[in-house]
>>> print(open('query-v2.txt').read())   # compact mmCIF, C-alpha atoms
# COMPACT_ATOMS: atom_id res chain seq x y z
CA MET A 33 0.00 0.00 0.00
CA CYS A 34 1.27 3.38 -0.95
CA GLN A 35 1.88 5.96 1.66
CA ARG A 36 -0.89 8.23 0.29
CA CYS A 37 -3.41 5.44 0.45
CA GLU A 38 -2.44 4.52 3.99
CA GLY A 39 -2.96 8.20 5.06
CA LYS A 40 -6.45 8.26 3.60
CA HIS A 41 -7.34 5.06 5.37
CA GLN A 42 -6.25 6.44 8.75
CA SER A 43 -8.19 9.67 8.17
CA GLY A 44 -11.37 7.70 7.40
CA ARG A 45 -11.07 5.78 10.68
CA ARG A 46 -10.79 9.01 12.63
CA VAL A 47 -13.95 10.41 11.07
CA GLY A 48 -15.79 7.20 11.80
CA GLY A 49 -14.66 7.38 15.45
CA TRP A 50 -15.94 10.92 15.88
CA PHE A 51 -19.17 9.98 14.21
CA ALA A 52 -19.66 7.17 16.76
CA VAL A 53 -19.05 9.56 19.66
CA VAL A 54 -21.59 12.06 18.36
CA ALA A 55 -24.13 9.32 17.78
CA LEU A 56 -23.74 7.97 21.32
CA GLY A 57 -24.10 11.46 22.72
CA ALA A 58 -27.28 12.04 20.77
CA VAL A 59 -28.76 8.75 21.93
CA GLY A 60 -27.92 9.57 25.54
CA ALA A 61 -29.52 12.97 25.26
CA GLY A 62 -32.55 11.40 23.63
CA LEU A 63 -32.95 8.91 26.43
CA THR A 64 -32.69 11.62 29.02
CA GLY A 65 -35.25 13.85 27.21
CA THR A 66 -37.88 11.21 26.80
CA GLY A 67 -38.65 11.08 30.54
CA VAL A 68 -38.23 7.50 30.78
CA PHE A 69 -37.18 7.92 34.39
CA ALA A 70 -39.67 10.82 35.35
CA SER A 71 -41.61 10.52 38.66
CA TRP A 72 -45.41 10.25 38.58
CA VAL A 73 -47.75 13.20 39.56
CA SER A 74 -51.19 13.43 41.13
CA THR A 75 -53.12 16.77 41.09
CA SER A 76 -56.26 18.13 42.75
CA ALA A 77 -57.92 21.60 42.69
CA MET A 78 -59.89 23.35 45.45
CA GLN A 79 -61.87 26.62 45.63
CA THR A 80 -62.75 28.51 48.82
CA GLY A 81 -66.25 29.43 49.79
CA ASP A 82 -67.50 32.92 48.98
CA HIS A 83 -65.88 35.68 50.98
CA SER A 84 -67.62 39.01 50.95
CA ALA A 85 -66.77 42.39 52.34
CA ALA A 86 -69.31 44.08 54.58
CA ALA A 87 -71.87 46.29 52.88
CA MET A 88 -72.93 49.63 54.35
CA GLY A 89 -76.23 51.34 53.81
CA LEU A 90 -79.15 53.18 55.35
CA THR A 91 -82.56 54.49 54.45
CA HIS A 92 -84.59 57.19 56.19
CA THR A 93 -88.24 57.02 55.28
CA ASP A 94 -91.11 59.26 56.32
CA THR A 95 -93.86 57.58 58.32
CA ASN A 96 -97.08 58.38 60.15
CA GLY A 97 -98.29 60.67 57.42
CA THR A 98 -95.62 63.24 58.11
CA THR A 99 -93.04 64.50 55.69
CA PHE A 100 -89.64 65.50 56.96
CA THR A 101 -89.25 68.09 54.25
CA SER A 102 -92.55 69.85 54.87
CA GLY A 103 -92.48 73.01 56.91
CA VAL A 104 -94.81 74.98 59.14
CA ALA A 105 -95.47 78.69 59.09
CA ASN A 106 -96.50 81.12 61.81
CA MET A 107 -95.00 79.27 64.70
CA LEU A 108 -95.37 80.86 68.10
CA PRO A 109 -93.03 80.45 71.03
CA GLY A 110 -93.46 76.98 72.47
CA ASP A 111 -95.13 75.56 69.36
CA TYR A 112 -93.79 72.22 68.23
CA LEU A 113 -94.19 69.67 65.48
CA TYR A 114 -93.36 66.04 65.00
CA ARG A 115 -91.77 64.33 62.06
CA TYR A 116 -91.65 60.54 62.04
CA ALA A 117 -89.14 58.46 60.10
CA ASN A 118 -87.84 54.93 59.96
CA LEU A 119 -84.09 54.69 59.96
CA VAL A 120 -83.17 51.30 58.48
CA ASN A 121 -79.74 49.72 58.46
CA THR A 122 -79.68 48.26 54.96
CA GLY A 123 -76.10 47.11 55.36
CA THR A 124 -74.89 43.65 56.26
CA VAL A 125 -73.31 44.48 59.59
CA THR A 126 -74.36 46.35 62.70
CA GLU A 127 -73.84 50.07 62.34
CA SER A 128 -73.55 52.82 64.90
CA PHE A 129 -75.56 55.82 63.74
CA SER A 130 -75.05 59.47 64.48
CA ALA A 131 -76.59 62.64 63.15
CA ALA A 132 -74.84 65.92 62.50
CA VAL A 133 -77.45 68.58 63.19
CA THR A 134 -77.14 72.04 61.75
CA GLY A 135 -79.53 74.85 61.04
CA THR A 136 -80.17 77.15 58.15
CA GLY A 137 -81.78 80.57 58.46
CA THR A 138 -82.33 83.07 61.23
CA LEU A 139 -84.88 81.02 63.11
CA ALA A 140 -82.32 78.26 63.54
CA GLY A 141 -80.14 80.61 65.54
CA ALA A 142 -79.55 80.30 69.26
CA GLY A 143 -82.79 80.70 71.18
CA GLY A 144 -84.89 79.80 68.13
CA LEU A 145 -85.50 76.31 66.82
CA ARG A 146 -84.79 73.37 69.06
CA LEU A 147 -84.66 69.64 68.40
CA ALA A 148 -85.34 66.42 70.26
CA VAL A 149 -85.43 62.82 69.01
CA ASP A 150 -87.23 59.86 70.53
CA ALA A 151 -87.38 56.25 69.39
CA CYS A 152 -90.16 53.74 69.82
CA SER A 153 -89.35 50.05 70.02
CA LEU A 154 -92.30 49.47 67.70
CA ALA A 155 -93.70 51.51 64.87
CA TRP A 156 -95.30 54.72 66.06
CA ALA A 157 -99.05 54.55 66.00
CA GLY A 158 -101.00 56.77 63.70
CA ASP A 159 -101.89 59.09 66.55
CA GLY A 160 -98.24 59.43 67.45
CA SER A 161 -98.36 57.16 70.46
CA CYS A 162 -95.87 54.38 71.12
CA SER A 163 -97.28 51.01 72.17
CA GLY A 164 -93.80 49.73 72.90
CA SER A 165 -91.18 51.53 74.90
CA THR A 166 -90.12 55.08 74.15
CA THR A 167 -86.45 55.91 74.39
CA PRO A 168 -85.22 59.50 74.44
CA ILE A 169 -82.33 59.50 72.02
CA VAL A 170 -81.60 63.20 71.87
CA THR A 171 -82.80 65.49 74.63
CA VAL A 172 -84.17 68.82 73.53
CA ARG A 173 -81.47 71.27 72.57
CA ASP A 174 -80.85 74.29 70.40
CA VAL A 175 -80.32 73.36 66.77
CA ALA A 176 -77.61 76.00 66.61
CA THR A 177 -75.44 74.16 69.10
CA ALA A 178 -76.68 70.58 68.72
CA GLY A 179 -73.59 69.37 66.88
CA THR A 180 -73.38 65.64 66.31
CA VAL A 181 -75.75 63.47 68.29
CA ALA A 182 -75.74 59.70 68.69
CA LEU A 183 -78.71 57.77 67.34
CA GLY A 184 -77.55 54.41 68.66
CA ASP A 185 -76.59 51.07 67.16
CA ILE A 186 -78.87 49.33 64.69
CA ALA A 187 -78.35 45.72 63.67
CA ALA A 188 -78.16 44.78 60.01
CA GLY A 189 -81.61 44.93 58.51
CA ALA A 190 -83.17 46.37 61.65
CA THR A 191 -85.20 49.57 61.94
CA SER A 192 -85.16 52.42 64.40
CA HIS A 193 -88.52 54.16 64.63
CA LEU A 194 -87.63 57.80 65.11
CA ARG A 195 -89.73 60.77 66.11
CA TYR A 196 -88.24 64.20 65.59
CA ARG A 197 -89.68 67.00 67.67
CA PHE A 198 -88.99 70.49 66.35
CA VAL A 199 -89.74 73.18 68.90
CA LEU A 200 -89.70 76.94 68.75
CA ASP A 201 -88.12 77.96 72.03
CA ALA A 202 -90.80 79.05 74.48
CA GLY A 203 -88.61 82.03 75.24
CA ALA A 204 -87.92 82.94 71.62
CA ASP A 205 -87.39 86.67 71.39
CA GLN A 206 -90.06 88.24 69.24
CA ALA A 207 -87.92 91.16 68.19
CA THR A 208 -85.26 88.77 66.94
CA PHE A 209 -87.29 86.02 65.39
CA GLN A 210 -90.74 87.19 64.37
CA GLY A 211 -91.28 86.58 60.70
CA ALA A 212 -88.01 84.69 60.48
CA THR A 213 -87.63 81.24 58.96
CA GLY A 214 -85.25 78.36 59.40
CA LYS A 215 -84.56 74.79 58.40
CA ILE A 216 -82.99 71.90 60.21
CA ASN A 217 -80.37 69.79 58.47
CA VAL A 218 -79.77 66.26 59.61
CA ALA A 219 -76.86 64.33 58.13
CA ILE A 220 -76.92 60.74 59.34
CA THR A 221 -73.81 58.58 59.31
CA GLY A 222 -73.70 54.86 59.91
CA THR A 223 -70.33 53.44 60.94
CA THR A 224 -69.32 49.85 61.41
CA THR A 225 -69.18 48.96 65.07
CA ALA A 226 -66.49 46.32 64.41
CA VAL A 227 -63.21 47.56 62.99
CA GLY A 228 -61.80 44.47 61.37
CA ASN A 229 -58.52 42.69 62.11
CA ARG A 230 -60.63 39.84 63.49
CA ASP A 231 -60.12 36.10 63.26
CA ARG A 232 -63.07 35.01 61.13
CA THR A 233 -62.13 31.36 60.97
CA SER A 234 -65.38 30.35 62.54
CA GLY A 235 -67.42 32.75 60.49
CA MET B 284 -7.11 58.86 32.18
CA SER B 285 -9.55 61.62 31.63
CA THR B 286 -11.35 59.65 28.97
CA ALA B 287 -11.57 56.56 31.19
CA THR B 288 -13.01 58.56 34.07
CA ASN B 289 -15.67 60.02 31.87
CA ALA B 290 -16.62 56.58 30.69
CA VAL B 291 -16.94 55.11 34.20
CA CYS B 292 -18.48 57.97 36.15
CA PRO B 293 -21.83 58.11 34.35
CA ALA B 294 -22.31 54.46 35.10
CA VAL B 295 -21.45 55.02 38.76
CA GLY B 296 -23.85 57.97 38.88
CA ARG B 297 -26.67 55.91 37.42
CA ARG B 298 -26.11 53.15 39.96
CA ARG B 299 -26.18 55.64 42.82
CA ALA B 300 -29.34 57.19 41.49
CA ALA B 301 -30.93 53.79 41.19
CA ARG B 302 -29.99 52.96 44.79
CA CYS B 303 -31.36 56.28 45.96
CA LEU B 304 -34.58 55.63 44.08
CA VAL B 305 -34.94 52.22 45.65
CA LEU B 306 -34.33 53.66 49.11
CA LEU B 307 -36.84 56.41 48.47
CA VAL B 308 -39.49 53.94 47.37
CA VAL B 309 -38.89 51.78 50.43
CA LEU B 310 -39.07 54.84 52.69
CA LEU B 311 -42.33 56.07 51.14
CA ALA B 312 -43.86 52.63 51.33
CA THR B 313 -42.93 52.39 55.00
CA ILE B 314 -44.48 55.79 55.71
CA ALA B 315 -47.62 54.87 53.81
CA VAL B 316 -47.98 51.60 55.66
CA ARG B 317 -47.52 53.31 59.02
CA ALA B 318 -49.89 56.16 58.16
CA ALA B 319 -52.71 53.90 57.03
CA PRO B 320 -54.98 52.71 59.84
CA ALA B 321 -54.58 49.09 60.55
CA ALA B 322 -58.29 48.45 60.03
CA ALA B 323 -60.38 51.42 59.10
CA SER B 324 -64.04 51.39 59.96
CA TRP B 325 -66.45 51.93 57.09
CA ALA B 326 -69.28 54.41 57.02
CA THR B 327 -72.30 55.39 55.01
CA GLN B 328 -74.01 58.74 55.06
CA ALA B 329 -77.18 60.46 53.92
CA ALA B 330 -78.61 63.88 54.67
CA TRP B 331 -82.03 65.42 54.94
CA GLN B 332 -83.29 68.94 55.38
CA SER B 333 -86.52 69.86 57.06
CA GLY B 334 -89.08 72.05 55.45
CA THR B 335 -89.09 75.74 56.21
CA VAL B 336 -90.27 76.56 59.71
CA GLY B 337 -91.38 80.14 60.15
CA MET B 338 -92.29 82.22 63.16
CA ALA B 339 -95.37 84.38 63.13
CA ARG B 340 -95.09 88.15 62.84
CA ALA B 341 -97.30 90.73 64.50
CA GLN B 342 -98.39 93.19 61.84
CA TYR B 343 -101.01 95.89 61.75
CA THR B 344 -102.13 98.92 59.87
CA LEU B 345 -104.04 102.00 60.94
CA SER B 346 -106.47 103.76 58.68
CA GLY B 347 -105.55 107.19 57.41
CA SER B 348 -102.54 108.58 55.70
CA ASP B 349 -100.20 107.25 58.36
CA ALA B 350 -100.54 103.51 58.76
CA ALA B 351 -98.42 103.56 61.89
CA ALA B 352 -100.13 106.27 63.96
CA PHE B 353 -103.33 108.21 64.20
CA THR B 354 -103.06 111.95 64.83
CA THR B 355 -105.82 114.27 65.92
CA SER B 356 -105.59 117.98 66.52
CA PHE B 357 -107.58 119.91 69.06
CA SER B 358 -108.29 123.56 69.63
CA LEU B 359 -108.30 125.63 72.73
CA VAL B 360 -111.76 124.51 73.63
CA GLU B 361 -112.66 121.06 72.46
CA ALA B 362 -115.63 119.39 73.95
CA LEU B 363 -117.67 117.78 71.26
CA THR B 364 -115.46 116.84 68.35
CA VAL B 365 -114.74 113.16 67.89
CA GLU B 366 -112.63 111.41 65.31
CA TYR B 367 -112.50 107.86 64.05
CA PHE B 368 -109.87 105.49 62.88
CA THR B 369 -109.48 101.77 62.42
CA ILE B 370 -106.82 99.28 63.36
CA THR B 371 -106.49 96.05 61.39
CA ASN B 372 -104.39 93.05 62.30
CA THR B 373 -102.69 92.30 59.01
CA GLY B 374 -100.56 89.55 60.46
CA SER B 375 -101.22 85.85 60.12
CA THR B 376 -101.94 85.21 63.78
CA ALA B 377 -103.68 86.89 66.66
CA ALA B 378 -101.70 89.46 68.58
CA THR B 379 -102.07 91.97 71.36
CA PHE B 380 -101.83 95.53 70.12
CA THR B 381 -101.40 98.29 72.65
CA GLY B 382 -101.54 101.92 71.65
CA ALA B 383 -99.34 104.63 73.10
CA VAL B 384 -100.35 108.28 73.35
CA THR B 385 -98.14 111.26 72.71
CA HIS B 386 -99.22 114.88 72.49
CA SER B 387 -97.94 118.42 72.11
CA ALA B 388 -99.56 120.03 75.09
CA GLY B 389 -97.18 119.21 77.85
CA ALA B 390 -98.92 118.64 81.13
CA GLY B 391 -101.98 120.60 80.18
CA PRO B 392 -105.48 119.66 81.32
CA LEU B 393 -106.23 117.19 78.56
CA GLN B 394 -108.47 114.21 78.83
CA LEU B 395 -108.62 111.32 76.39
CA SER B 396 -111.47 108.95 75.75
CA VAL B 397 -111.42 106.03 73.32
CA TRP B 398 -114.22 103.68 72.38
CA SER B 399 -114.02 100.49 70.36
CA CYS B 400 -116.62 98.87 68.14
CA PRO B 401 -116.33 95.59 66.19
CA THR B 402 -118.24 97.23 63.35
CA ALA B 403 -118.11 100.69 61.92
CA PHE B 404 -119.65 103.45 64.00
CA THR B 405 -122.78 104.95 62.61
CA VAL B 406 -122.88 108.48 61.33
CA LEU B 407 -124.28 109.45 64.67
CA GLY B 408 -121.29 107.94 66.43
CA SER B 409 -122.98 104.97 67.93
CA CYS B 410 -121.87 101.33 67.81
CA PRO B 411 -124.60 98.95 66.63
CA GLY B 412 -123.51 96.19 68.95
CA GLY B 413 -122.51 98.44 71.78
CA ALA B 414 -119.17 100.18 72.11
CA THR B 415 -116.48 99.15 74.49
CA VAL B 416 -114.80 101.89 76.47
CA LEU B 417 -111.04 101.51 76.18
CA VAL B 418 -110.06 104.79 77.83
CA ALA B 419 -112.50 106.90 79.82
CA GLY B 420 -111.45 110.49 80.28
CA ALA B 421 -107.95 109.65 81.34
CA ALA B 422 -105.48 112.43 81.82
CA MET B 423 -103.42 112.46 78.66
CA GLY B 424 -100.35 113.40 80.58
CA ASN B 425 -100.41 109.94 82.09
CA ARG B 426 -100.10 108.46 78.63
CA PRO B 427 -102.83 105.90 79.15
CA PRO B 428 -102.23 102.63 77.31
CA ILE B 429 -104.92 101.67 74.83
CA ASN B 430 -105.68 98.03 74.29
CA PHE B 431 -106.69 97.82 70.66
CA GLY B 432 -107.95 94.32 71.18
CA GLY B 433 -111.39 95.73 71.62
CA THR B 434 -111.84 95.23 75.30
CA ALA B 435 -110.47 96.92 78.34
CA ALA B 436 -108.93 93.66 79.47
CA ALA B 437 -105.18 93.51 79.35
CA ASN B 438 -103.61 91.26 76.73
CA ALA B 439 -106.86 90.90 74.80
CA THR B 440 -105.82 89.77 71.36
CA LEU B 441 -107.05 90.92 68.02
CA ALA B 442 -107.57 88.01 65.69
CA ALA B 443 -105.67 87.86 62.44
CA GLY B 444 -107.36 89.76 59.67
CA THR B 445 -109.90 91.49 61.90
CA SER B 446 -110.36 95.18 62.59
CA ARG B 447 -111.46 97.37 65.44
CA PHE B 448 -113.23 100.65 64.80
CA LEU B 449 -112.17 103.32 67.24
CA LYS B 450 -113.69 106.61 68.26
CA VAL B 451 -111.44 109.22 69.88
CA HIS B 452 -112.33 112.31 71.83
CA VAL B 453 -109.94 114.81 73.38
CA ASN B 454 -111.35 117.10 76.05
CA SER B 455 -109.22 120.22 76.26
CA LEU B 456 -109.49 123.50 78.03
CA LEU B 457 -107.48 126.50 76.93
CA VAL B 458 -104.89 124.27 75.31
CA GLY B 459 -104.48 123.55 71.64
CA GLY B 460 -102.24 121.12 69.87
CA TRP B 461 -102.20 117.56 68.64
CA ALA B 462 -102.37 114.11 70.08
CA LYS B 463 -101.03 111.04 68.42
CA ILE B 464 -101.99 107.45 69.06
CA GLY B 465 -99.31 105.14 67.83
CA MET B 466 -98.41 101.53 68.46
CA GLY B 467 -96.80 100.90 71.79
CA SER B 468 -96.39 97.20 71.36
CA ALA B 469 -97.55 94.38 69.15
CA VAL B 470 -97.06 91.15 71.02
CA LEU B 471 -97.57 87.64 69.76
CA PRO B 472 -99.44 85.33 72.09
CA ALA B 473 -97.84 82.35 73.74
CA GLY B 474 -97.80 79.20 71.65
CA GLY B 475 -97.26 75.68 72.86
CA ARG B 476 -99.51 74.00 70.32
CA ASN B 477 -98.82 70.85 68.37
CA ARG B 478 -98.28 72.02 64.80
CA THR B 479 -97.51 68.68 63.24
CA GLN B 480 -100.43 69.05 60.86
CA GLY B 481 -99.51 72.63 59.97
>>> encode(input="query-v2.txt", output="structure tokens")
Amino acid sequence: MCQRCEGKHQSGRRVGGWFAVVALGAVGAGLTGTGVFASWVSTSAMQTGDHSAAAMGLTHTDTNGTTFTSGVANMLPGDYLYRYANLVNTGTVTESFSAAVTGTGTLAGAGGLRLAVDACSLAWAGDGSCSGSTTPIVTVRDVATAGTVALGDIAAGATSHLRYRFVLDAGADQATFQGATGKINVAITGTTTAVGNRDRTSG
Amino acid sequence: MSTATNAVCPAVGRRRAARCLVLLVVLLATIAVRAAPAAASWATQAAWQSGTVGMARAQYTLSGSDAAAFTTSFSLVEALTVEYFTITNTGSTAATFTGAVTHSAGAGPLQLSVWSCPTAFTVLGSCPGGATVLVAGAAMGNRPPINFGGTAAANATLAAGTSRFLKVHVNSLLVGGWAKIGMGSAVLPAGGRNRTQG
């Protein structure tokens, strides 16, 4: 065999050797990639029950044939009038209610219009009487200085049967107030009695 | 050297700025977390306004050119002349109207008499239903109060919209001048009624 031919023969063997190495590598990689030795898996899915945030709400509805927004003219010192309303907690949790009382107009000045609020444990009767128990919620006071008054706690869905009593001070000064008018503004706020951060595991 | 510094420093500056930004964010987040209440209470609100509540006003008018006062003049000798005027409660509620007398004659010997009639006096000066004497020859210097309510009783009210017809006589002797009957007070009555129905 000539030297040239022997060189070609050796070179062919080298290529064949490298080819075998590459082929073995590819087979190994293939075996690894096929997951032949992968572990088995079991899965399961769960969903919690419904969680809901508390809802807040209130309604204030005229009752007993009176209308909160209707006025009265020609009041004299000591005259009074009632306005009945149902305050309902339409939220989903107990709320603590308060009312910010302010006045508008000259007659709502100091020594003029006054306010008191009572609650009946049952609905007020048509004649204004309470067949349940009457609770004074706000004692009579000047509208001008009433500020914010507490109306008490009301459970979710429960109703407070309110009776507003608007009074013209028996000592109202004629020179100051005669012919004057005024309005009473009541802004009611219901606030959650619980403040959160509670363990609700048991509901 | 100068070129190398310029190439490195911007990168260093950017890294510092990034660190500062991260620190600032962490600081603000910490402040926000601390400032927020741990568990805020929720609230709902609604507002209502009452209707207009008005206080009564005592209002009146007197007949004649001056709705606020009635003036009569008298001569040196005045014994027979009488004059008439009317008071009307133009307010919306009853009130007590009390007249006050002023005059120009000082402490002269003047006497005032006033009669009231629920209807107009006749041309002859009589009251069909009988007149009520409000002031009977009182010395004018004493400024006698006149209850326009139509009776001599104190605090007698004059109903809203009604009138009283008044006859006035000044008895003078050797004194001339004028006398004026104005409104001393117009007082609303006490209330205390339940006005729920209006």
>>> closest_atom_pairs(input="query-v2.txt", of="chain B", to="chain A", cutoff="9 Å", atoms="all atoms listed in the file", output="CSV")
residue,atom,partner,partner_atom,distance
B:Ala321,CA,A:Asn229,CA,7.7
B:Ala322,CA,A:Gly228,CA,5.5
B:Ala323,CA,A:Val227,CA,6.2
B:Ser324,CA,A:Val227,CA,5.0
B:Trp325,CA,A:Thr224,CA,5.6
B:Ala326,CA,A:Thr223,CA,4.2
B:Thr327,CA,A:Gly222,CA,5.1
B:Gln328,CA,A:Thr221,CA,4.3
B:Ala329,CA,A:Ile220,CA,5.4
B:Ala330,CA,A:Ala219,CA,3.9
B:Trp331,CA,A:Val218,CA,5.3
B:Gln332,CA,A:Asn217,CA,4.3
B:Ser333,CA,A:Thr101,CA,4.3
B:Gly334,CA,A:Gly103,CA,3.8
B:Thr335,CA,A:Gly103,CA,4.4
B:Val336,CA,A:Val104,CA,4.8
B:Gly337,CA,A:Thr213,CA,4.1
B:Met338,CA,A:Met107,CA,4.3
B:Ala339,CA,A:Asn106,CA,3.7
B:Arg340,CA,A:Gly211,CA,4.6
B:Ala341,CA,A:Gln210,CA,7.5
B:Ser375,CA,A:Asn106,CA,6.9
B:Thr376,CA,A:Asn106,CA,7.1
B:Val470,CA,A:Gln206,CA,7.8
B:Leu471,CA,A:Leu108,CA,7.3
B:Pro472,CA,A:Leu108,CA,7.2
B:Ala473,CA,A:Pro109,CA,5.8
B:Gly474,CA,A:Leu108,CA,4.6
B:Gly475,CA,A:Gly110,CA,4.0
B:Arg476,CA,A:Asp111,CA,4.7
B:Asn477,CA,A:Tyr112,CA,5.2
B:Arg478,CA,A:Leu113,CA,4.8
B:Thr479,CA,A:Leu113,CA,4.1
B:Gln480,CA,A:Leu113,CA,7.8
B:Gly481,CA,A:Val104,CA,5.3
>>> atom_distance(input="query-v2.txt", atom1="CA of Phe357 in chain B", atom2="CA of Trp461 in chain B")
5.9 Å
>>> closest_residue(input="query-v2.txt", among="A:Met78, A:Val120, A:Val73, A:Val172", to="Ala187 in chain A", atoms="all atoms listed in the file")
A:Val120
>>> closest_residue(input="query-v2.txt", among="A:Ala182, A:Val175, A:Ala52, A:Leu194", to="Cys162 in chain A", atoms="only C-alpha atoms")
A:Leu194
>>> atom_distance(input="query-v2.txt", atom1="CA of Pro428 in chain B", atom2="CA of Phe368 in chain B")
16.6 Å
>>> build_atoms(input="query-v2.txt", residues="range 152-168 of chain A", atoms="N, CA, C and O atoms", output="mmCIF file, in the frame of the given file")
data_model
loop_
_atom_site.group_PDB
_atom_site.id
_atom_site.type_symbol
_atom_site.label_atom_id
_atom_site.label_comp_id
_atom_site.auth_asym_id
_atom_site.auth_seq_id
_atom_site.Cartn_x
_atom_site.Cartn_y
_atom_site.Cartn_z
ATOM 1 N N CYS A 152 -89.189 54.696 69.288
ATOM 2 C CA CYS A 152 -90.160 53.740 69.820
ATOM 3 C C CYS A 152 -89.685 52.347 69.417
ATOM 4 O O CYS A 152 -89.219 52.146 68.289
ATOM 5 N N SER A 153 -89.813 51.406 70.325
ATOM 6 C CA SER A 153 -89.350 50.050 70.020
ATOM 7 C C SER A 153 -90.215 49.394 68.946
ATOM 8 O O SER A 153 -89.792 48.441 68.304
ATOM 9 N N LEU A 154 -91.413 49.926 68.767
ATOM 10 C CA LEU A 154 -92.300 49.470 67.700
ATOM 11 C C LEU A 154 -92.620 50.654 66.804
ATOM 12 O O LEU A 154 -92.236 51.781 67.120
ATOM 13 N N ALA A 155 -93.323 50.390 65.742
ATOM 14 C CA ALA A 155 -93.700 51.510 64.870
ATOM 15 C C ALA A 155 -94.612 52.457 65.640
ATOM 16 O O ALA A 155 -95.474 52.024 66.416
ATOM 17 N N TRP A 156 -94.440 53.732 65.414
ATOM 18 C CA TRP A 156 -95.300 54.720 66.060
ATOM 19 C C TRP A 156 -96.725 54.549 65.536
ATOM 20 O O TRP A 156 -96.930 54.328 64.340
ATOM 21 N N ALA A 157 -97.654 54.663 66.421
ATOM 22 C CA ALA A 157 -99.050 54.550 66.000
ATOM 23 C C ALA A 157 -99.455 55.788 65.217
ATOM 24 O O ALA A 157 -98.771 56.813 65.250
ATOM 25 N N GLY A 158 -100.542 55.670 64.522
ATOM 26 C CA GLY A 158 -101.000 56.770 63.700
ATOM 27 C C GLY A 158 -101.249 58.042 64.475
ATOM 28 O O GLY A 158 -101.092 59.150 63.940
ATOM 29 N N ASP A 159 -101.641 57.892 65.742
ATOM 30 C CA ASP A 159 -101.890 59.090 66.550
ATOM 31 C C ASP A 159 -100.614 59.583 67.240
ATOM 32 O O ASP A 159 -100.665 60.480 68.086
ATOM 33 N N GLY A 160 -99.504 58.978 66.886
ATOM 34 C CA GLY A 160 -98.240 59.430 67.450
ATOM 35 C C GLY A 160 -97.866 58.769 68.754
ATOM 36 O O GLY A 160 -96.827 59.094 69.335
ATOM 37 N N SER A 161 -98.689 57.835 69.199
ATOM 38 C CA SER A 161 -98.360 57.160 70.460
ATOM 39 C C SER A 161 -97.450 55.959 70.186
ATOM 40 O O SER A 161 -97.395 55.445 69.066
ATOM 41 N N CYS A 162 -96.781 55.516 71.235
ATOM 42 C CA CYS A 162 -95.870 54.380 71.120
ATOM 43 C C CYS A 162 -96.407 53.254 72.007
ATOM 44 O O CYS A 162 -96.503 53.412 73.227
ATOM 45 N N SER A 163 -96.757 52.137 71.396
ATOM 46 C CA SER A 163 -97.280 51.010 72.170
ATOM 47 C C SER A 163 -96.152 50.156 72.745
ATOM 48 O O SER A 163 -96.401 49.265 73.554
ATOM 49 N N GLY A 164 -94.951 50.429 72.322
ATOM 50 C CA GLY A 164 -93.800 49.730 72.900
ATOM 51 C C GLY A 164 -93.162 50.611 73.960
ATOM 52 O O GLY A 164 -93.854 51.235 74.761
ATOM 53 N N SER A 165 -91.877 50.661 73.949
ATOM 54 C CA SER A 165 -91.180 51.530 74.900
ATOM 55 C C SER A 165 -90.544 52.701 74.151
ATOM 56 O O SER A 165 -89.979 52.528 73.069
ATOM 57 N N THR A 166 -90.680 53.870 74.750
ATOM 58 C CA THR A 166 -90.120 55.080 74.150
ATOM 59 C C THR A 166 -88.759 55.362 74.778
ATOM 60 O O THR A 166 -88.615 55.346 75.994
ATOM 61 N N THR A 167 -87.804 55.606 73.916
ATOM 62 C CA THR A 167 -86.450 55.910 74.390
ATOM 63 C C THR A 167 -86.042 57.306 73.921
ATOM 64 O O THR A 167 -86.036 57.564 72.718
ATOM 65 N N PRO A 168 -85.747 58.188 74.860
ATOM 66 C CA PRO A 168 -85.220 59.500 74.440
ATOM 67 C C PRO A 168 -83.812 59.330 73.887
ATOM 68 O O PRO A 168 -82.921 58.873 74.597
#
